>>> print(open('entry-v2.txt').read())   # compact mmCIF, N, CA and C atoms
# COMPACT_ATOMS: atom_id res chain seq x y z
N MET S 1 110.15 68.44 144.72
CA MET S 1 111.13 69.15 145.52
C MET S 1 110.74 70.61 145.68
N TRP S 2 110.26 71.20 144.57
CA TRP S 2 109.86 72.61 144.60
C TRP S 2 108.70 72.81 145.58
N ALA S 3 107.71 71.92 145.53
CA ALA S 3 106.55 72.04 146.41
C ALA S 3 106.94 71.90 147.88
N LEU S 4 107.92 71.03 148.14
CA LEU S 4 108.39 70.87 149.52
C LEU S 4 109.06 72.14 150.01
N GLY S 5 109.87 72.78 149.17
CA GLY S 5 110.53 74.04 149.54
C GLY S 5 109.53 75.15 149.80
N VAL S 6 108.50 75.24 148.96
CA VAL S 6 107.46 76.26 149.14
C VAL S 6 106.69 75.99 150.44
N SER S 7 106.38 74.73 150.70
CA SER S 7 105.64 74.39 151.93
C SER S 7 106.44 74.72 153.18
N CYS S 8 107.73 74.37 153.19
CA CYS S 8 108.58 74.68 154.35
C CYS S 8 108.68 76.18 154.57
N CYS S 9 108.83 76.92 153.48
CA CYS S 9 108.94 78.37 153.58
C CYS S 9 107.64 78.96 154.12
N ALA S 10 106.50 78.44 153.68
CA ALA S 10 105.20 78.93 154.15
C ALA S 10 105.03 78.65 155.65
N VAL S 11 105.45 77.47 156.11
CA VAL S 11 105.34 77.13 157.53
C VAL S 11 106.23 78.05 158.35
N MET S 12 107.47 78.28 157.89
CA MET S 12 108.38 79.17 158.64
C MET S 12 107.86 80.60 158.64
N THR S 13 107.22 81.02 157.56
CA THR S 13 106.65 82.37 157.50
C THR S 13 105.52 82.50 158.53
N CYS S 14 104.68 81.49 158.63
CA CYS S 14 103.59 81.52 159.61
C CYS S 14 104.13 81.58 161.03
N ILE S 15 105.16 80.79 161.31
CA ILE S 15 105.76 80.78 162.66
C ILE S 15 106.37 82.15 162.97
N ALA S 16 107.07 82.73 162.02
CA ALA S 16 107.68 84.05 162.22
C ALA S 16 106.61 85.11 162.45
N GLU S 17 105.50 85.03 161.75
CA GLU S 17 104.42 85.99 161.96
C GLU S 17 103.80 85.84 163.34
N ILE S 18 103.65 84.61 163.79
CA ILE S 18 103.08 84.38 165.13
C ILE S 18 104.01 84.94 166.20
N LEU S 19 105.32 84.73 166.04
CA LEU S 19 106.29 85.21 167.04
C LEU S 19 106.37 86.73 167.09
N THR S 20 106.10 87.41 165.97
CA THR S 20 106.22 88.86 165.93
C THR S 20 104.86 89.55 165.94
N ALA S 21 103.81 88.84 166.31
CA ALA S 21 102.46 89.39 166.23
C ALA S 21 102.26 90.60 167.14
N ASP S 22 102.85 90.62 168.31
CA ASP S 22 102.61 91.70 169.26
C ASP S 22 103.65 92.81 169.16
N SER S 23 104.64 92.67 168.29
CA SER S 23 105.67 93.71 168.21
C SER S 23 105.23 94.81 167.25
N GLY S 24 105.96 95.91 167.25
CA GLY S 24 105.66 97.03 166.37
C GLY S 24 106.15 96.80 164.94
N PHE S 25 106.89 95.72 164.73
CA PHE S 25 107.46 95.42 163.42
C PHE S 25 106.56 94.48 162.60
N ASP S 26 105.32 94.35 162.99
CA ASP S 26 104.41 93.39 162.38
C ASP S 26 104.29 93.59 160.87
N LYS S 27 104.07 94.84 160.42
CA LYS S 27 103.89 95.11 158.99
C LYS S 27 105.19 94.90 158.21
N ILE S 28 106.30 95.28 158.79
CA ILE S 28 107.59 95.12 158.11
C ILE S 28 107.93 93.64 157.96
N VAL S 29 107.69 92.85 159.01
CA VAL S 29 107.97 91.43 158.97
C VAL S 29 107.09 90.74 157.92
N ARG S 30 105.81 91.10 157.87
CA ARG S 30 104.93 90.52 156.85
C ARG S 30 105.40 90.85 155.44
N PHE S 31 105.82 92.09 155.27
CA PHE S 31 106.30 92.52 153.94
C PHE S 31 107.53 91.72 153.52
N VAL S 32 108.50 91.60 154.41
CA VAL S 32 109.73 90.88 154.09
C VAL S 32 109.45 89.40 153.87
N LEU S 33 108.68 88.79 154.75
CA LEU S 33 108.38 87.37 154.61
C LEU S 33 107.54 87.10 153.35
N GLY S 34 106.65 88.02 152.99
CA GLY S 34 105.89 87.88 151.75
C GLY S 34 106.81 87.91 150.54
N GLY S 35 107.84 88.78 150.58
CA GLY S 35 108.82 88.83 149.49
C GLY S 35 109.62 87.55 149.40
N VAL S 36 110.01 86.99 150.55
CA VAL S 36 110.76 85.74 150.56
C VAL S 36 109.90 84.60 150.01
N LEU S 37 108.65 84.53 150.43
CA LEU S 37 107.75 83.48 149.95
C LEU S 37 107.51 83.61 148.45
N LEU S 38 107.33 84.83 147.98
CA LEU S 38 107.14 85.07 146.56
C LEU S 38 108.38 84.64 145.76
N SER S 39 109.55 84.93 146.29
CA SER S 39 110.79 84.52 145.63
C SER S 39 110.91 83.01 145.53
N VAL S 40 110.55 82.33 146.59
CA VAL S 40 110.63 80.87 146.60
C VAL S 40 109.67 80.27 145.56
N VAL S 41 108.53 80.91 145.38
CA VAL S 41 107.56 80.41 144.41
C VAL S 41 108.02 80.70 142.98
N ILE S 42 108.53 81.90 142.72
CA ILE S 42 108.86 82.33 141.35
C ILE S 42 110.22 81.85 140.87
N LEU S 43 111.19 81.70 141.76
CA LEU S 43 112.57 81.38 141.36
C LEU S 43 112.67 80.17 140.44
N PRO S 44 111.99 79.08 140.68
CA PRO S 44 112.11 77.92 139.78
C PRO S 44 111.58 78.20 138.37
N LEU S 45 110.71 79.18 138.21
CA LEU S 45 110.21 79.51 136.87
C LEU S 45 111.33 80.00 135.96
N GLY S 46 112.35 80.63 136.55
CA GLY S 46 113.50 81.07 135.76
C GLY S 46 114.21 79.89 135.12
N ASP S 47 114.33 78.80 135.85
CA ASP S 47 114.97 77.60 135.29
C ASP S 47 114.14 77.02 134.15
N VAL S 48 112.83 77.02 134.32
CA VAL S 48 111.95 76.48 133.27
C VAL S 48 112.04 77.36 132.03
N LEU S 49 111.99 78.67 132.21
CA LEU S 49 112.02 79.58 131.07
C LEU S 49 113.37 79.56 130.36
N SER S 50 114.45 79.29 131.08
CA SER S 50 115.76 79.25 130.43
C SER S 50 115.89 78.03 129.52
N GLU S 51 115.09 76.99 129.77
CA GLU S 51 115.13 75.80 128.93
C GLU S 51 114.30 75.94 127.66
N VAL S 52 113.39 76.92 127.65
CA VAL S 52 112.55 77.14 126.48
C VAL S 52 113.38 77.86 125.43
N ARG S 53 113.41 77.33 124.24
CA ARG S 53 114.17 77.93 123.15
C ARG S 53 113.23 78.19 121.99
N LEU S 54 113.36 79.36 121.44
CA LEU S 54 112.57 79.72 120.28
C LEU S 54 113.40 79.45 119.04
N GLU S 55 112.96 78.51 118.25
CA GLU S 55 113.70 78.16 117.05
C GLU S 55 112.90 78.59 115.83
N LEU S 56 113.46 79.52 115.10
CA LEU S 56 112.82 80.00 113.88
C LEU S 56 113.41 79.25 112.69
N PRO S 57 112.58 78.97 111.71
CA PRO S 57 113.11 78.27 110.54
C PRO S 57 114.07 79.17 109.77
N VAL S 58 115.10 78.57 109.26
CA VAL S 58 116.09 79.30 108.47
C VAL S 58 115.74 79.09 107.00
N MET S 59 115.69 80.20 106.27
CA MET S 59 115.35 80.10 104.85
C MET S 59 116.60 79.94 104.02
N ASP S 60 116.49 79.10 103.04
CA ASP S 60 117.60 78.95 102.11
C ASP S 60 117.46 79.99 100.99
N GLY S 61 118.40 80.06 100.11
CA GLY S 61 118.42 81.06 99.04
C GLY S 61 117.18 81.06 98.17
N PRO S 62 116.77 79.92 97.60
CA PRO S 62 115.59 79.91 96.74
C PRO S 62 114.30 80.29 97.48
N ALA S 63 114.15 79.82 98.71
CA ALA S 63 112.93 80.15 99.47
C ALA S 63 112.88 81.64 99.78
N GLU S 64 114.03 82.22 100.11
CA GLU S 64 114.07 83.66 100.39
C GLU S 64 113.77 84.46 99.12
N ALA S 65 114.30 84.02 98.00
CA ALA S 65 114.04 84.71 96.73
C ALA S 65 112.56 84.63 96.37
N ARG S 66 111.93 83.46 96.60
CA ARG S 66 110.50 83.31 96.32
C ARG S 66 109.67 84.22 97.22
N MET S 67 110.07 84.30 98.51
CA MET S 67 109.34 85.14 99.44
C MET S 67 109.44 86.61 99.02
N LYS S 68 110.64 87.06 98.65
CA LYS S 68 110.80 88.45 98.21
C LYS S 68 109.98 88.71 96.95
N ASN S 69 109.98 87.77 96.03
CA ASN S 69 109.21 87.93 94.81
C ASN S 69 107.71 87.99 95.12
N ASP S 70 107.24 87.12 96.02
CA ASP S 70 105.83 87.13 96.40
C ASP S 70 105.44 88.46 97.05
N ILE S 71 106.33 89.00 97.89
CA ILE S 71 106.05 90.28 98.54
C ILE S 71 105.99 91.40 97.50
N GLU S 72 106.92 91.40 96.55
CA GLU S 72 106.91 92.42 95.50
C GLU S 72 105.63 92.33 94.67
N GLU S 73 105.21 91.12 94.34
CA GLU S 73 103.98 90.95 93.55
C GLU S 73 102.77 91.43 94.34
N ALA S 74 102.73 91.13 95.63
CA ALA S 74 101.61 91.59 96.46
C ALA S 74 101.59 93.11 96.54
N GLU S 75 102.77 93.73 96.69
CA GLU S 75 102.85 95.19 96.71
C GLU S 75 102.36 95.77 95.39
N LYS S 76 102.80 95.18 94.29
CA LYS S 76 102.42 95.67 92.97
C LYS S 76 100.92 95.51 92.76
N ASP S 77 100.34 94.38 93.15
CA ASP S 77 98.90 94.17 93.00
C ASP S 77 98.10 95.17 93.84
N TYR S 78 98.58 95.42 95.06
CA TYR S 78 97.88 96.38 95.93
C TYR S 78 97.93 97.77 95.32
N LEU S 79 99.11 98.17 94.87
CA LEU S 79 99.26 99.50 94.28
C LEU S 79 98.41 99.61 93.01
N ARG S 80 98.41 98.58 92.20
CA ARG S 80 97.59 98.59 90.98
C ARG S 80 96.12 98.78 91.33
N SER S 81 95.63 98.04 92.32
CA SER S 81 94.22 98.15 92.68
C SER S 81 93.88 99.55 93.20
N GLN S 82 94.81 100.15 93.96
CA GLN S 82 94.57 101.50 94.47
C GLN S 82 94.56 102.53 93.33
N LEU S 83 95.47 102.38 92.37
CA LEU S 83 95.49 103.29 91.22
C LEU S 83 94.24 103.12 90.37
N GLU S 84 93.80 101.89 90.18
CA GLU S 84 92.58 101.66 89.42
C GLU S 84 91.38 102.30 90.11
N GLU S 85 91.33 102.20 91.43
CA GLU S 85 90.26 102.83 92.19
C GLU S 85 90.32 104.35 92.05
N LEU S 86 91.52 104.91 92.06
CA LEU S 86 91.70 106.36 91.89
C LEU S 86 91.20 106.81 90.52
N VAL S 87 91.49 106.04 89.49
CA VAL S 87 91.01 106.37 88.14
C VAL S 87 89.49 106.33 88.11
N VAL S 88 88.89 105.30 88.69
CA VAL S 88 87.42 105.19 88.71
C VAL S 88 86.80 106.37 89.45
N VAL S 89 87.36 106.72 90.61
CA VAL S 89 86.83 107.85 91.38
C VAL S 89 86.95 109.16 90.59
N THR S 90 88.09 109.36 89.95
CA THR S 90 88.30 110.58 89.15
C THR S 90 87.29 110.65 88.01
N LEU S 91 87.07 109.54 87.34
CA LEU S 91 86.11 109.53 86.24
C LEU S 91 84.68 109.73 86.75
N ASN S 92 84.34 109.10 87.85
CA ASN S 92 83.00 109.25 88.43
C ASN S 92 82.73 110.69 88.85
N GLU S 93 83.76 111.37 89.39
CA GLU S 93 83.61 112.77 89.79
C GLU S 93 83.28 113.65 88.59
N ASN S 94 83.66 113.21 87.40
CA ASN S 94 83.42 113.98 86.19
C ASN S 94 82.28 113.40 85.36
N GLY S 95 81.42 112.59 85.97
CA GLY S 95 80.23 112.09 85.32
C GLY S 95 80.46 110.98 84.32
N ILE S 96 81.58 110.32 84.38
CA ILE S 96 81.89 109.24 83.45
C ILE S 96 81.88 107.92 84.22
N LYS S 97 81.10 106.97 83.74
CA LYS S 97 81.00 105.66 84.39
C LYS S 97 81.76 104.62 83.57
N PRO S 98 83.00 104.32 83.96
CA PRO S 98 83.77 103.33 83.20
C PRO S 98 83.27 101.91 83.48
N GLY S 99 83.40 101.05 82.48
CA GLY S 99 83.04 99.65 82.67
C GLY S 99 84.09 98.91 83.47
N GLU S 100 85.32 98.99 83.02
CA GLU S 100 86.42 98.30 83.68
C GLU S 100 87.67 99.17 83.52
N VAL S 101 88.50 99.20 84.54
CA VAL S 101 89.74 99.96 84.50
C VAL S 101 90.89 99.03 84.81
N ARG S 102 91.92 99.11 84.01
CA ARG S 102 93.13 98.30 84.23
C ARG S 102 94.34 99.20 84.10
N VAL S 103 95.17 99.25 85.14
CA VAL S 103 96.40 100.05 85.10
C VAL S 103 97.56 99.13 84.75
N ASN S 104 98.28 99.49 83.71
CA ASN S 104 99.46 98.74 83.31
C ASN S 104 100.68 99.43 83.91
N MET S 105 101.41 98.70 84.72
CA MET S 105 102.55 99.29 85.41
C MET S 105 103.69 98.29 85.51
N ASP S 106 104.83 98.82 85.90
CA ASP S 106 106.04 98.01 85.99
C ASP S 106 106.87 98.53 87.16
N ILE S 107 107.63 97.66 87.79
CA ILE S 107 108.58 98.06 88.83
C ILE S 107 109.96 97.68 88.33
N ASP S 108 110.86 98.67 88.25
CA ASP S 108 112.19 98.39 87.72
C ASP S 108 113.12 97.85 88.81
N ASP S 109 114.36 97.60 88.46
CA ASP S 109 115.32 97.00 89.39
C ASP S 109 115.60 97.89 90.60
N ASP S 110 115.43 99.19 90.45
CA ASP S 110 115.66 100.13 91.55
C ASP S 110 114.41 100.33 92.40
N LYS S 111 113.40 99.48 92.17
CA LYS S 111 112.13 99.51 92.91
C LYS S 111 111.32 100.77 92.64
N ARG S 112 111.53 101.37 91.46
CA ARG S 112 110.73 102.52 91.06
C ARG S 112 109.53 102.02 90.26
N ILE S 113 108.40 102.65 90.50
CA ILE S 113 107.17 102.24 89.84
C ILE S 113 106.99 103.07 88.59
N ASN S 114 106.76 102.41 87.48
CA ASN S 114 106.50 103.08 86.21
C ASN S 114 105.07 102.76 85.81
N ILE S 115 104.24 103.79 85.79
CA ILE S 115 102.86 103.61 85.34
C ILE S 115 102.87 103.81 83.84
N ILE S 116 102.53 102.78 83.11
CA ILE S 116 102.61 102.82 81.65
C ILE S 116 101.33 103.45 81.09
N THR S 117 100.20 102.84 81.32
CA THR S 117 98.93 103.38 80.85
C THR S 117 97.80 102.92 81.75
N ALA S 118 96.69 103.61 81.64
CA ALA S 118 95.45 103.15 82.24
C ALA S 118 94.54 102.77 81.08
N GLU S 119 94.01 101.59 81.14
CA GLU S 119 93.11 101.11 80.09
C GLU S 119 91.69 101.17 80.64
N VAL S 120 90.85 101.98 79.97
CA VAL S 120 89.48 102.19 80.44
C VAL S 120 88.52 101.62 79.41
N ARG S 121 87.65 100.72 79.86
CA ARG S 121 86.65 100.13 78.97
C ARG S 121 85.36 100.95 79.10
N LEU S 122 84.81 101.36 77.95
CA LEU S 122 83.60 102.17 77.92
C LEU S 122 82.50 101.45 77.15
N ASP S 123 81.26 101.78 77.47
CA ASP S 123 80.13 101.29 76.68
C ASP S 123 80.14 102.02 75.33
N ARG S 124 79.47 101.47 74.36
CA ARG S 124 79.39 102.10 73.04
C ARG S 124 78.73 103.48 73.12
N ASP S 125 77.83 103.65 74.07
CA ASP S 125 77.14 104.94 74.22
C ASP S 125 78.10 106.04 74.65
N ASP S 126 79.18 105.68 75.36
CA ASP S 126 80.14 106.66 75.87
C ASP S 126 81.38 106.78 74.99
N ALA S 127 81.35 106.26 73.78
CA ALA S 127 82.53 106.27 72.90
C ALA S 127 83.00 107.68 72.60
N ALA S 128 82.09 108.64 72.56
CA ALA S 128 82.46 110.02 72.25
C ALA S 128 83.29 110.65 73.37
N LYS S 129 83.24 110.11 74.56
CA LYS S 129 83.97 110.66 75.71
C LYS S 129 85.42 110.18 75.77
N SER S 130 85.85 109.41 74.81
CA SER S 130 87.18 108.82 74.82
C SER S 130 88.28 109.88 74.94
N GLY S 131 88.21 110.92 74.14
CA GLY S 131 89.22 111.99 74.20
C GLY S 131 89.18 112.74 75.51
N ASP S 132 87.97 112.97 76.03
CA ASP S 132 87.83 113.67 77.31
C ASP S 132 88.48 112.87 78.44
N ILE S 133 88.30 111.56 78.40
CA ILE S 133 88.88 110.70 79.44
C ILE S 133 90.40 110.76 79.39
N SER S 134 90.96 110.68 78.20
CA SER S 134 92.42 110.72 78.06
C SER S 134 92.97 112.03 78.59
N ASN S 135 92.34 113.15 78.22
CA ASN S 135 92.80 114.46 78.69
C ASN S 135 92.64 114.59 80.20
N LEU S 136 91.52 114.14 80.73
CA LEU S 136 91.25 114.24 82.17
C LEU S 136 92.29 113.47 82.98
N LEU S 137 92.57 112.23 82.60
CA LEU S 137 93.53 111.43 83.37
C LEU S 137 94.95 111.95 83.22
N ARG S 138 95.27 112.48 82.06
CA ARG S 138 96.61 113.05 81.85
C ARG S 138 96.79 114.30 82.71
N GLU S 139 95.76 115.16 82.76
CA GLU S 139 95.86 116.41 83.52
C GLU S 139 95.78 116.17 85.03
N ARG S 140 94.82 115.36 85.47
CA ARG S 140 94.59 115.19 86.90
C ARG S 140 95.57 114.23 87.56
N LEU S 141 95.91 113.13 86.87
CA LEU S 141 96.72 112.08 87.50
C LEU S 141 98.08 111.88 86.84
N GLY S 142 98.27 112.47 85.68
CA GLY S 142 99.54 112.29 84.97
C GLY S 142 99.68 110.90 84.37
N ILE S 143 98.54 110.28 84.05
CA ILE S 143 98.54 108.92 83.51
C ILE S 143 98.04 108.97 82.06
N GLU S 144 98.76 108.33 81.17
CA GLU S 144 98.29 108.19 79.80
C GLU S 144 97.16 107.17 79.80
N CYS S 145 96.20 107.39 78.92
CA CYS S 145 95.01 106.53 78.93
C CYS S 145 94.76 105.95 77.55
N ARG S 146 94.29 104.72 77.55
CA ARG S 146 93.87 104.06 76.32
C ARG S 146 92.44 103.59 76.58
N THR S 147 91.53 103.99 75.74
CA THR S 147 90.14 103.59 75.93
C THR S 147 89.80 102.44 74.99
N VAL S 148 88.99 101.54 75.50
CA VAL S 148 88.53 100.39 74.75
C VAL S 148 87.00 100.47 74.74
N ILE S 149 86.45 100.43 73.55
CA ILE S 149 85.00 100.53 73.42
C ILE S 149 84.41 99.13 73.29
N GLY S 150 83.33 98.91 74.04
CA GLY S 150 82.65 97.63 73.91
C GLY S 150 82.63 96.79 75.13
>>> encode(input="entry-v2.txt", output="structure tokens")
Amino acid sequence: MWALGVSCCAVMTCIAEILTADSGFDKIVRFVLGGVLLSVVILPLGDVLSEVRLELPVMDGPAEARMKNDIEEAEKDYLRSQLEELVVVTLNENGIKPGEVRVNMDIDDDKRINIITAEVRLDRDDAAKSGDISNLLRERLGIECRTVIG
């Protein structure tokens, strides 16, 4: 039915253009008839689009709680990795090459982050730098440090 309506409109548009070919209104008639033809083509798309419905899944209480918990854990892991990288960069800037760095942190009920300690693993050769590392991280980053040798 739609194709028949478009075809009839196209034929009538051609006839109207032929009848007005020699008049001074040629451009205006083409513009108006082009708009009418475009409307005939596009109008049925509105009906099709109105039938399309976007249905999003509804989360129940436990699924929503799991999702929030997963997001909080991902945020905490990302923040931990960034803090660990900051500790490594700070130590490297001061000529100290740590073996492994682990930041112990917690997020309380008010979503505040509590950095408990940074645990820095050192080689036995760097055991004498343990106090320097603790002082450096406390002064530069405000983080208490615990060094592990070995």
>>> residues_around(input="entry-v2.txt", residues="stretch 9-24 of chain S", least_positions_apart="4", cutoff="6.5 Å", atoms="only N, CA and C atoms", output="list in words")
Leu4, Gly5, Ile28, Leu33 and Leu37 of chain S
>>> closest_residue(input="entry-v2.txt", among="S:Glu139, S:Asp126, S:Glu144, S:Asp47", to="S:Gly95", atoms="only C-alpha atoms")
S:Asp126
>>> closest_residue(input="entry-v2.txt", among="S:Asp132, S:Glu119, S:Glu85, S:Asp77", to="S:Ile107", atoms="only C-alpha atoms")
S:Asp77
>>> closest_residue(input="entry-v2.txt", among="S:Leu86, S:Leu122, S:Ile133, S:Ile115", to="S:Gly99", atoms="only N, CA and C atoms")
S:Leu122
>>> select_by_dssp(input="entry-v2.txt", residues="stretch 81-141 of chain S", states="strand (DSSP E)", output="VMD selection string")
chain S and resid 100 to 107 113 to 122
>>> atom_distance(input="entry-v2.txt", atom1="atom N of S:Thr147", atom2="atom N of S:Asn114")
19.3 Å
>>> residues_near_point(input="entry-v2.txt", point="(78.7, 103.5, 78.3)", cutoff="8 Å", atoms="all atoms listed in the file", output="CSV table (one decimal) with N, CA and C atoms, keeping the file's coordinate frame")
chain,number,residue,atom,x,y,z
S,97,LYS,N,81.1,107.0,83.7
S,97,LYS,CA,81.0,105.7,84.4
S,97,LYS,C,81.8,104.6,83.6
S,98,PRO,N,83.0,104.3,84.0
S,98,PRO,CA,83.8,103.3,83.2
S,98,PRO,C,83.3,101.9,83.5
S,99,GLY,N,83.4,101.0,82.5
S,99,GLY,CA,83.0,99.6,82.7
S,99,GLY,C,84.1,98.9,83.5
S,121,ARG,N,87.6,100.7,79.9
S,121,ARG,CA,86.6,100.1,79.0
S,121,ARG,C,85.4,101.0,79.1
S,122,LEU,N,84.8,101.4,78.0
S,122,LEU,CA,83.6,102.2,77.9
S,122,LEU,C,82.5,101.4,77.2
S,123,ASP,N,81.3,101.8,77.5
S,123,ASP,CA,80.1,101.3,76.7
S,123,ASP,C,80.1,102.0,75.3
S,124,ARG,N,79.5,101.5,74.4
S,124,ARG,CA,79.4,102.1,73.0
S,124,ARG,C,78.7,103.5,73.1
S,125,ASP,N,77.8,103.6,74.1
S,125,ASP,CA,77.1,104.9,74.2
S,125,ASP,C,78.1,106.0,74.6
S,126,ASP,N,79.2,105.7,75.4
S,126,ASP,CA,80.1,106.7,75.9
S,126,ASP,C,81.4,106.8,75.0
S,127,ALA,N,81.4,106.3,73.8
S,127,ALA,CA,82.5,106.3,72.9
S,127,ALA,C,83.0,107.7,72.6
S,150,GLY,N,83.3,98.9,74.0
S,150,GLY,CA,82.6,97.6,73.9
S,150,GLY,C,82.6,96.8,75.1
>>> atom_distance(input="entry-v2.txt", atom1="atom CA of S:Lys129", atom2="atom CA of S:Ile96")
8.1 Å
>>> atom_distance(input="entry-v2.txt", atom1="atom C of S:Ala128", atom2="atom CA of S:Val148")
11.6 Å
>>> select_by_dssp(input="entry-v2.txt", residues="chain S", states="alpha helix (DSSP H)", output="ChimeraX atom specification")
/S:2-19,26-51,61-93,130-141
>>> axis_aligned_box(input="entry-v2.txt", around="stretch 3-22 of chain S", padding_each_side="3 Å", output="AutoDock Vina command-line options")
--center_x 106.4 --center_y 81.8 --center_z 157.4 --size_x 14.3 --size_y 27.9 --size_z 29.7
>>> closest_residue(input="entry-v2.txt", among="S:Phe25, S:Val6, S:Arg102, S:Pro62", to="S:Ser39", atoms="only C-alpha atoms")
S:Val6
>>> residues_around(input="entry-v2.txt", residues="S:Val103", least_positions_apart="4", cutoff="8 Å", atoms="only C-alpha atoms", output="MDAnalysis selection string")
chainID S and resid 80 83:84 115:119
